[in-house]
$ cat upload-v8.csv   # CSV, C-alpha atoms
chain,number,residue,atom,x,y,z
A,1,MET,CA,0.0,0.0,0.0
A,2,ALA,CA,1.4,3.4,-0.9
A,3,SER,CA,2.3,5.6,2.1
A,4,ASN,CA,0.4,8.7,2.9
A,5,PRO,CA,1.9,12.1,2.0
A,6,LYS,CA,3.7,13.7,4.8
A,7,LEU,CA,1.4,15.2,7.5
A,8,SER,CA,2.0,19.0,7.9
A,9,ILE,CA,0.7,20.6,11.2
A,10,PRO,CA,1.1,24.3,12.2
A,11,TRP,CA,3.5,24.7,15.1
A,12,LYS,CA,0.9,26.1,17.5
A,13,ILE,CA,-1.2,23.0,17.0
A,14,LYS,CA,1.8,20.8,17.4
A,15,LEU,CA,2.6,22.5,20.7
A,16,HIS,CA,-0.9,22.0,22.0
A,17,ILE,CA,-1.0,18.4,20.9
A,18,SER,CA,2.4,17.5,22.4
A,19,THR,CA,1.5,19.2,25.7
A,20,LEU,CA,-1.8,17.4,26.2
A,21,ALA,CA,-0.2,14.1,25.1
A,22,PHE,CA,2.6,14.5,27.6
A,23,GLY,CA,0.0,15.2,30.3
A,24,VAL,CA,-1.9,12.1,29.5
A,25,ASP,CA,1.3,10.0,29.5
A,26,ILE,CA,2.7,11.2,32.8
A,27,THR,CA,-0.6,10.8,34.6
A,28,ARG,CA,-1.2,7.2,33.5
A,29,ARG,CA,0.0,5.1,36.4
A,30,SER,CA,1.3,1.6,36.0
A,31,ASP,CA,-1.4,0.3,38.4
A,32,GLY,CA,-4.1,1.5,36.0
A,33,THR,CA,-5.1,4.6,37.8
A,34,VAL,CA,-4.9,8.3,36.8
A,35,ASN,CA,-3.2,11.1,38.7
A,36,ARG,CA,-6.1,13.5,38.5
A,37,PHE,CA,-4.4,16.3,40.4
A,38,LEU,CA,-1.4,16.3,38.0
A,39,MET,CA,-3.7,16.1,35.0
A,40,SER,CA,-5.5,19.2,36.2
A,41,LEU,CA,-2.3,21.2,35.3
A,42,PHE,CA,-2.7,20.2,31.7
A,43,ASP,CA,-6.5,20.0,31.3
A,44,VAL,CA,-7.5,23.7,31.5
A,45,LYS,CA,-11.2,24.2,32.4
A,46,SER,CA,-13.6,26.8,31.2
A,47,PRO,CA,-16.5,28.1,33.3
A,48,PRO,CA,-20.0,28.5,31.8
A,49,SER,CA,-21.1,31.9,30.6
A,50,ASN,CA,-24.5,33.4,30.8
A,51,LYS,CA,-23.2,36.3,28.9
A,52,PRO,CA,-23.3,35.4,25.1
A,53,ILE,CA,-20.0,34.5,23.6
A,54,SER,CA,-20.3,34.9,19.8
A,55,GLY,CA,-24.0,34.7,20.2
A,56,VAL,CA,-24.1,31.5,22.4
A,57,THR,CA,-24.7,31.2,26.1
A,58,ALA,CA,-23.5,28.2,28.3
A,59,THR,CA,-25.2,26.9,31.4
A,60,ASP,CA,-24.3,23.9,33.6
A,61,ILE,CA,-27.3,21.7,34.6
A,62,THR,CA,-27.2,18.8,37.1
A,63,VAL,CA,-28.8,15.4,36.2
A,64,ASP,CA,-27.7,13.3,39.2
A,65,LYS,CA,-25.6,14.9,41.9
A,66,ALA,CA,-24.8,11.6,43.5
A,67,ARG,CA,-22.7,10.5,40.4
A,68,ASN,CA,-21.7,14.1,39.4
A,69,LEU,CA,-23.6,13.7,36.2
A,70,TRP,CA,-24.3,17.0,34.6
A,71,PHE,CA,-24.3,18.7,31.2
A,72,ARG,CA,-23.3,22.0,29.7
A,73,LEU,CA,-26.1,23.5,27.7
A,74,TYR,CA,-25.0,25.7,24.7
A,75,THR,CA,-27.8,27.9,23.5
A,76,PRO,CA,-27.6,30.2,20.5
A,77,ILE,CA,-29.5,33.4,21.1
A,78,SER,CA,-32.8,33.3,19.3
A,79,ASP,CA,-33.6,35.9,16.7
A,80,GLY,CA,-37.1,36.2,18.3
A,81,ASP,CA,-38.9,33.9,15.8
A,82,THR,CA,-39.7,30.7,17.7
A,83,SER,CA,-42.5,29.5,15.5
A,84,SER,CA,-42.6,25.7,14.9
A,85,THR,CA,-40.9,26.1,11.5
A,86,ASN,CA,-37.9,27.8,13.1
A,87,THR,CA,-37.2,25.8,16.2
A,88,MET,CA,-33.6,24.6,16.7
A,89,PRO,CA,-32.4,21.0,16.6
A,90,VAL,CA,-30.8,19.5,19.7
A,91,ILE,CA,-27.4,17.8,19.6
A,92,PHE,CA,-26.5,15.5,22.5
A,93,TYR,CA,-22.7,15.6,22.5
A,94,PHE,CA,-20.4,13.0,24.1
A,95,HIS,CA,-16.8,14.1,24.4
A,96,GLY,CA,-13.6,12.2,23.6
A,97,GLY,CA,-10.6,11.5,25.9
A,98,GLY,CA,-10.3,7.7,25.8
A,99,PHE,CA,-13.1,7.3,28.4
A,100,ALA,CA,-10.6,8.3,31.1
A,101,TYR,CA,-9.7,12.0,30.3
A,102,LEU,CA,-11.2,15.4,29.7
A,103,SER,CA,-14.7,16.6,30.6
A,104,ALA,CA,-17.5,18.8,29.4
A,105,ASP,CA,-15.7,21.9,30.7
A,106,SER,CA,-12.3,21.1,29.2
A,107,LYS,CA,-11.3,24.2,27.3
A,108,PRO,CA,-10.8,22.7,23.8
A,109,LEU,CA,-14.1,20.8,24.0
A,110,ASP,CA,-15.9,23.8,25.4
A,111,GLU,CA,-14.7,25.9,22.5
A,112,PHE,CA,-15.7,23.1,20.1
A,113,CYS,CA,-19.2,23.0,21.5
A,114,TYR,CA,-19.6,26.8,21.2
A,115,GLY,CA,-18.6,26.4,17.6
A,116,LEU,CA,-21.1,23.6,17.0
A,117,ALA,CA,-23.9,25.6,18.5
A,118,ARG,CA,-23.1,28.8,16.6
A,119,LEU,CA,-22.2,27.3,13.2
A,120,LEU,CA,-24.9,24.7,13.1
A,121,SER,CA,-27.6,26.9,14.7
A,122,ALA,CA,-28.3,24.1,17.2
A,123,ILE,CA,-28.7,23.7,20.9
A,124,VAL,CA,-25.9,21.5,22.2
A,125,VAL,CA,-26.1,19.3,25.3
A,126,SER,CA,-22.5,18.3,26.3
A,127,VAL,CA,-22.6,15.5,28.8
A,128,ASN,CA,-20.1,15.2,31.6
A,129,TYR,CA,-20.2,11.5,32.1
A,130,ARG,CA,-18.1,9.6,34.7
A,131,LEU,CA,-14.6,8.6,33.7
A,132,ALA,CA,-12.6,5.4,33.8
A,133,PRO,CA,-10.8,3.8,35.6
A,134,GLU,CA,-12.8,5.0,38.6
A,135,ASN,CA,-15.9,4.0,36.7
A,136,ARG,CA,-15.7,1.3,34.1
A,137,TYR,CA,-18.0,0.3,31.2
A,138,PRO,CA,-21.1,0.5,31.2
A,139,ALA,CA,-21.1,3.7,33.4
A,140,GLN,CA,-20.3,6.0,30.5
A,141,PRO,CA,-23.0,5.0,28.0
A,142,GLU,CA,-25.5,4.8,30.9
A,143,ASP,CA,-24.7,8.4,31.9
A,144,CYS,CA,-25.1,9.6,28.4
A,145,PHE,CA,-28.4,7.7,27.9
A,146,ASP,CA,-29.7,8.9,31.3
A,147,THR,CA,-29.0,12.5,30.2
A,148,VAL,CA,-31.2,12.0,27.1
A,149,LYS,CA,-33.9,10.5,29.3
A,150,PHE,CA,-33.6,13.3,31.8
A,151,ILE,CA,-34.3,15.9,29.1
A,152,ASP,CA,-37.1,13.7,27.7
A,153,GLU,CA,-38.8,13.3,31.1
A,154,THR,CA,-38.2,16.6,32.8
A,155,THR,CA,-41.1,19.0,32.1
A,156,SER,CA,-39.2,22.2,33.0
A,157,ILE,CA,-35.4,22.6,33.1
A,158,LEU,CA,-34.3,26.0,34.2
A,159,GLY,CA,-32.4,27.6,31.3
A,160,PHE,CA,-33.5,25.1,28.7
A,161,PRO,CA,-34.9,27.1,25.7
A,162,SER,CA,-38.5,26.9,24.6
A,163,TYR,CA,-37.4,26.9,21.0
A,164,ALA,CA,-35.5,23.6,21.3
A,165,ASN,CA,-37.1,21.1,18.9
A,166,LEU,CA,-36.9,17.7,20.7
A,167,LYS,CA,-38.3,16.0,17.6
A,168,ASN,CA,-35.1,16.9,15.8
A,169,CYS,CA,-32.4,15.4,18.1
A,170,PHE,CA,-29.0,14.1,17.2
A,171,LEU,CA,-26.4,12.1,19.1
A,172,ALA,CA,-22.8,13.3,18.3
A,173,GLY,CA,-19.5,12.3,19.7
A,174,ASP,CA,-15.8,12.4,19.0
A,175,SER,CA,-13.3,9.6,19.5
A,176,ALA,CA,-14.4,7.8,22.7
A,177,GLY,CA,-17.6,9.9,22.4
A,178,GLY,CA,-18.2,8.5,18.9
A,179,ASN,CA,-18.0,5.0,20.4
A,180,LEU,CA,-20.6,6.1,23.0
A,181,VAL,CA,-22.9,7.4,20.2
A,182,HIS,CA,-23.2,3.8,18.9
A,183,HIS,CA,-24.0,2.2,22.3
A,184,VAL,CA,-26.4,5.0,23.3
A,185,MET,CA,-28.2,4.7,19.9
A,186,VAL,CA,-28.7,0.9,20.5
A,187,LYS,CA,-29.8,1.5,24.1
A,188,ALA,CA,-32.2,4.3,23.0
A,189,SER,CA,-33.7,2.0,20.3
A,190,GLN,CA,-35.1,-0.2,23.2
A,191,HIS,CA,-36.7,2.7,25.0
A,192,LYS,CA,-39.9,4.6,24.3
A,193,PHE,CA,-39.3,8.3,24.7
A,194,ARG,CA,-42.1,10.8,25.5
A,195,ASN,CA,-40.7,13.9,23.8
A,196,VAL,CA,-37.3,13.2,22.3
A,197,LYS,CA,-36.9,11.8,18.8
A,198,LEU,CA,-33.5,10.8,17.8
A,199,ILE,CA,-33.1,11.3,14.0
A,200,GLY,CA,-29.4,11.0,13.4
A,201,GLY,CA,-26.0,9.9,14.7
A,202,ILE,CA,-22.8,11.8,14.1
A,203,LEU,CA,-19.7,9.8,14.9
A,204,ILE,CA,-16.5,11.8,14.6
A,205,GLN,CA,-13.4,9.6,14.3
A,206,PRO,CA,-15.0,7.0,16.7
A,207,TYR,CA,-12.8,5.1,19.0
A,208,PHE,CA,-13.2,1.4,18.3
A,209,GLY,CA,-10.6,-1.4,18.6
A,210,GLY,CA,-9.9,-5.1,19.0
A,211,GLU,CA,-7.1,-7.5,19.7
A,212,GLU,CA,-5.9,-7.5,16.1
A,213,ARG,CA,-3.4,-4.9,15.0
A,214,THR,CA,-4.8,-3.4,11.8
A,215,GLU,CA,-2.7,-2.1,8.9
A,216,SER,CA,-3.4,1.6,9.8
A,217,GLU,CA,-2.4,1.0,13.4
A,218,ILE,CA,0.8,-0.6,12.4
A,219,ARG,CA,1.6,2.0,9.7
A,220,LEU,CA,0.6,5.2,11.7
A,221,SER,CA,1.0,4.5,15.4
A,222,GLY,CA,3.6,6.8,16.9
A,223,LYS,CA,4.0,8.7,13.7
A,224,VAL,CA,0.9,11.0,13.9
A,225,PRO,CA,-0.7,13.0,16.8
A,226,TYR,CA,-2.3,11.5,19.9
A,227,VAL,CA,-3.0,7.9,18.9
A,228,THR,CA,-0.3,5.3,19.9
A,229,MET,CA,-0.9,1.6,20.6
A,230,ASP,CA,0.5,2.1,24.1
A,231,ARG,CA,-2.0,4.8,24.9
A,232,THR,CA,-5.0,3.1,23.3
A,233,ASP,CA,-4.2,-0.3,24.9
A,234,TRP,CA,-4.0,1.3,28.3
A,235,MET,CA,-7.3,3.1,27.8
A,236,TRP,CA,-9.1,0.0,26.8
A,237,LYS,CA,-7.6,-1.9,29.8
A,238,VAL,CA,-8.9,0.6,32.3
A,239,TYR,CA,-12.3,1.1,30.6
A,240,LEU,CA,-13.5,-2.4,29.7
A,241,PRO,CA,-14.9,-4.7,32.5
A,242,GLU,CA,-12.2,-6.5,34.6
A,243,GLY,CA,-10.8,-9.5,32.8
A,244,SER,CA,-12.0,-8.4,29.3
A,245,ASP,CA,-9.8,-8.1,26.3
A,246,ARG,CA,-10.2,-5.6,23.4
A,247,ASP,CA,-12.6,-7.9,21.6
A,248,HIS,CA,-15.3,-7.0,24.1
A,249,PRO,CA,-18.3,-5.7,22.2
A,250,ALA,CA,-18.0,-2.3,23.9
A,251,SER,CA,-14.8,-2.0,21.8
A,252,ASN,CA,-15.1,-4.3,18.9
A,253,VAL,CA,-18.8,-3.9,18.0
A,254,PHE,CA,-18.7,-6.4,15.1
A,255,GLY,CA,-15.8,-8.6,16.4
A,256,PRO,CA,-15.7,-12.3,17.4
A,257,ASN,CA,-17.7,-11.7,20.6
A,258,SER,CA,-20.4,-9.6,19.0
A,259,GLU,CA,-24.0,-10.7,19.3
A,260,TYR,CA,-24.4,-9.9,15.7
A,261,ASN,CA,-22.3,-12.9,14.8
A,262,SER,CA,-24.6,-15.4,16.6
A,263,GLY,CA,-26.3,-16.4,13.4
A,264,GLN,CA,-29.6,-15.2,14.7
A,265,GLU,CA,-31.2,-12.1,13.3
A,266,ILE,CA,-30.9,-9.5,16.0
A,267,PRO,CA,-32.8,-6.2,15.2
A,268,ILE,CA,-30.7,-3.1,15.7
A,269,ARG,CA,-32.9,-0.1,15.2
A,270,ILE,CA,-30.7,3.0,15.0
A,271,PRO,CA,-31.2,6.2,13.1
A,272,PRO,CA,-29.3,7.2,10.0
A,273,SER,CA,-25.6,7.9,10.8
A,274,VAL,CA,-22.6,9.6,9.4
A,275,ILE,CA,-19.0,8.6,10.3
A,276,PHE,CA,-16.1,11.0,9.8
A,277,VAL,CA,-12.6,9.6,9.4
A,278,GLY,CA,-9.2,10.9,8.7
A,279,GLY,CA,-6.4,9.5,6.6
A,280,PHE,CA,-3.8,10.1,9.3
A,281,ASP,CA,-5.8,8.4,12.0
A,282,PRO,CA,-4.4,5.0,13.1
A,283,LEU,CA,-8.0,4.1,14.1
A,284,ILE,CA,-9.3,4.5,10.6
A,285,ASP,CA,-9.4,0.8,9.8
A,286,TRP,CA,-11.5,0.1,12.9
A,287,GLN,CA,-13.8,3.0,11.9
A,288,LYS,CA,-14.3,1.6,8.4
A,289,ARG,CA,-15.0,-1.9,9.8
A,290,TYR,CA,-17.7,-0.4,12.0
A,291,TYR,CA,-19.1,1.3,8.9
A,292,GLU,CA,-19.1,-1.9,7.0
A,293,GLY,CA,-20.7,-3.7,9.9
A,294,LEU,CA,-23.7,-1.3,9.9
A,295,LYS,CA,-24.0,-1.6,6.1
A,296,LYS,CA,-24.2,-5.4,6.3
A,297,LEU,CA,-27.1,-4.9,8.8
A,298,GLY,CA,-28.8,-2.8,6.2
A,299,LYS,CA,-28.5,0.5,8.1
A,300,GLU,CA,-28.4,3.9,6.5
A,301,VAL,CA,-24.9,5.1,7.1
A,302,ASN,CA,-22.5,7.4,5.3
A,303,LEU,CA,-18.7,7.5,5.5
A,304,ILE,CA,-16.9,10.8,5.0
A,305,GLU,CA,-13.1,10.8,4.8
A,306,TYR,CA,-10.7,13.7,4.9
A,307,PRO,CA,-7.4,12.2,3.6
A,308,ASN,CA,-5.1,14.7,5.4
A,309,ALA,CA,-6.9,14.8,8.7
A,310,PHE,CA,-5.3,13.4,12.0
A,311,HIS,CA,-7.2,12.3,15.1
A,312,THR,CA,-8.9,15.3,16.8
A,313,PHE,CA,-8.5,17.6,13.7
A,314,TYR,CA,-12.0,19.0,14.4
A,315,VAL,CA,-11.0,21.0,17.5
A,316,TYR,CA,-8.7,23.2,15.4
A,317,PRO,CA,-10.8,25.7,13.4
A,318,GLU,CA,-7.7,27.0,11.6
A,319,LEU,CA,-7.3,23.7,9.7
A,320,PRO,CA,-9.0,23.5,6.3
A,321,GLU,CA,-10.8,20.3,7.2
A,322,PHE,CA,-12.7,22.0,10.0
A,323,SER,CA,-14.9,24.1,7.6
A,324,LEU,CA,-15.4,21.0,5.4
A,325,PHE,CA,-16.5,19.1,8.5
A,326,ILE,CA,-19.0,21.7,9.6
A,327,ASN,CA,-20.5,21.9,6.2
A,328,ASP,CA,-20.8,18.2,6.0
A,329,VAL,CA,-22.5,17.9,9.4
A,330,LYS,CA,-24.8,20.8,8.5
A,331,ASP,CA,-25.8,18.9,5.2
A,332,PHE,CA,-26.4,15.7,7.1
A,333,MET,CA,-28.5,17.3,9.8
A,334,GLN,CA,-30.6,19.2,7.2
A,335,LYS,CA,-31.2,16.0,5.3
A,336,GLN,CA,-32.4,14.2,8.4
A,337,ILE,CA,-34.6,17.1,9.5
A,338,VAL,CA,-36.4,17.1,6.1
A,339,ALA,CA,-36.7,13.3,6.2
A,340,ALA,CA,-38.2,13.4,9.7
A,341,ALA,CA,-40.7,16.1,8.7
A,342,ASN,CA,-41.9,14.0,5.8
A,343,ASN,CA,-42.4,10.8,7.9
$ encode --input "upload-v8.csv" --output "structure tokens"
Amino acid sequence: MASNPKLSIPWKIKLHISTLAFGVDITRRSDGTVNRFLMSLFDVKSPPSNKPISGVTATDITVDKARNLWFRLYTPISDGDTSSTNTMPVIFYFHGGGFAYLSADSKPLDEFCYGLARLLSAIVVSVNYRLAPENRYPAQPEDCFDTVKFIDETTSILGFPSYANLKNCFLAGDSAGGNLVHHVMVKASQHKFRNVKLIGGILIQPYFGGEERTESEIRLSGKVPYVTMDRTDWMWKVYLPEGSDRDHPASNVFGPNSEYNSGQEIPIRIPPSVIFVGGFDPLIDWQKRYYEGLKKLGKEVNLIEYPNAFHTFYVYPELPEFSLFINDVKDFMQKQIVAAANN
């Protein structure tokens, strides 16, 4: 296979990447725990802002205080027209970080969600789910699903805008959050919502894996930003249930231990989805396998590849792929909104 052209990254982005990667590496302990205090020096937090920032406000809302489950609500300021034809879609966003790092108020993710709300004219619900290794699978998809249920079942949420259209809801996530999108979509398909209607899934470089080493992992690991086999192996080890390997269905959805390989027809009712991948992402082969798995099940799914994109390209608006990504997400959402209106 021909090698990719050389990856070129602006020096400011390189510095940010190397700093955060260094922070992750020195806070991963050999006993499978994380030095949270030390990581706080690298993971800069941003407070919510009731004062609009580029036309978007941010408010933190508690779902379950006992498990520190909350979400940051990003609300574009309405132009005053809140008629039924102009209500805003809602995006439930699940952040990346290998299930063990970052949070809804981490500065890069906070800025990313401000951008999504502003550029997509959408209300964004960014879920602060529990982290591994303190909480292993299935705590993370449960937290994300419970947040969707909370909004579905709570009649009045202080600060939640009246112009939110709960009939036009999307699940979106990057990296580990993209993995969570799949598992929450499956969980949601088995639940009857009162108000929320999930009409699309947006998986941004989703974090899937398995025991096998794929061609892209071998070729790109350690040669591109963020993703190395040492880091990903450690993250799977502290996230998956004790005693599990990387072929656990939480990681390898269509792998050897998948229920979809049982020979029995198992219905999986999930909404249309789009998967974004990058040519310089070592996880691209796993992402494409997931795409092919959904296609084999007859699901409506689209794969969009940016050949020169590395893992987490989407948090850097200065990269040319960022504007392409926003336009592609906007097109996907609009298509699903029109389809939902016609059903």
$ residues_near_point --input "upload-v8.csv" --point "(-26.0, 3.9, 9.3)" --cutoff "8 Å" --atoms "only C-alpha atoms" --output "CSV table (one decimal) with C-alpha atoms, in the coordinates of the input"
chain,number,residue,atom,x,y,z
A,270,ILE,CA,-30.7,3.0,15.0
A,271,PRO,CA,-31.2,6.2,13.1
A,272,PRO,CA,-29.3,7.2,10.0
A,273,SER,CA,-25.6,7.9,10.8
A,274,VAL,CA,-22.6,9.6,9.4
A,291,TYR,CA,-19.1,1.3,8.9
A,294,LEU,CA,-23.7,-1.3,9.9
A,295,LYS,CA,-24.0,-1.6,6.1
A,298,GLY,CA,-28.8,-2.8,6.2
A,299,LYS,CA,-28.5,0.5,8.1
A,300,GLU,CA,-28.4,3.9,6.5
A,301,VAL,CA,-24.9,5.1,7.1
A,302,ASN,CA,-22.5,7.4,5.3
$ atom_distance --input "upload-v8.csv" --atom1 "atom CA of A:Ala104" --atom2 "atom CA of A:Ser46"
9.1 Å
$ closest_residue --input "upload-v8.csv" --among "A:Leu20, A:Tyr129, A:Ser8, A:Gly98" --to "A:Trp234" --atoms "only C-alpha atoms"
A:Gly98
$ residues_around --input "upload-v8.csv" --residues "A:Tyr290" --least-positions-apart "6" --cutoff "9 Å" --atoms "all atoms listed in the file" --output "list of chain:residue names"
A:Phe208, A:Asn252, A:Val253, A:Phe254
$ residues_around --input "upload-v8.csv" --residues "A:Ala341" --least-positions-apart "5" --cutoff "10 Å" --atoms "all atoms listed in the file" --output "list in words"
Lys167, Asn168 and Gln336 of chain A
$ closest_residue --input "upload-v8.csv" --among "A:Tyr93, A:Trp286, A:Phe170, A:Phe276" --to "A:Phe322" --atoms "all atoms listed in the file"
A:Phe276
$ residues_around --input "upload-v8.csv" --residues "A:Ala21" --least-positions-apart "6" --cutoff "10 Å" --atoms "all atoms listed in the file" --output "ChimeraX atom specification"
/A:15,42,225-227,231
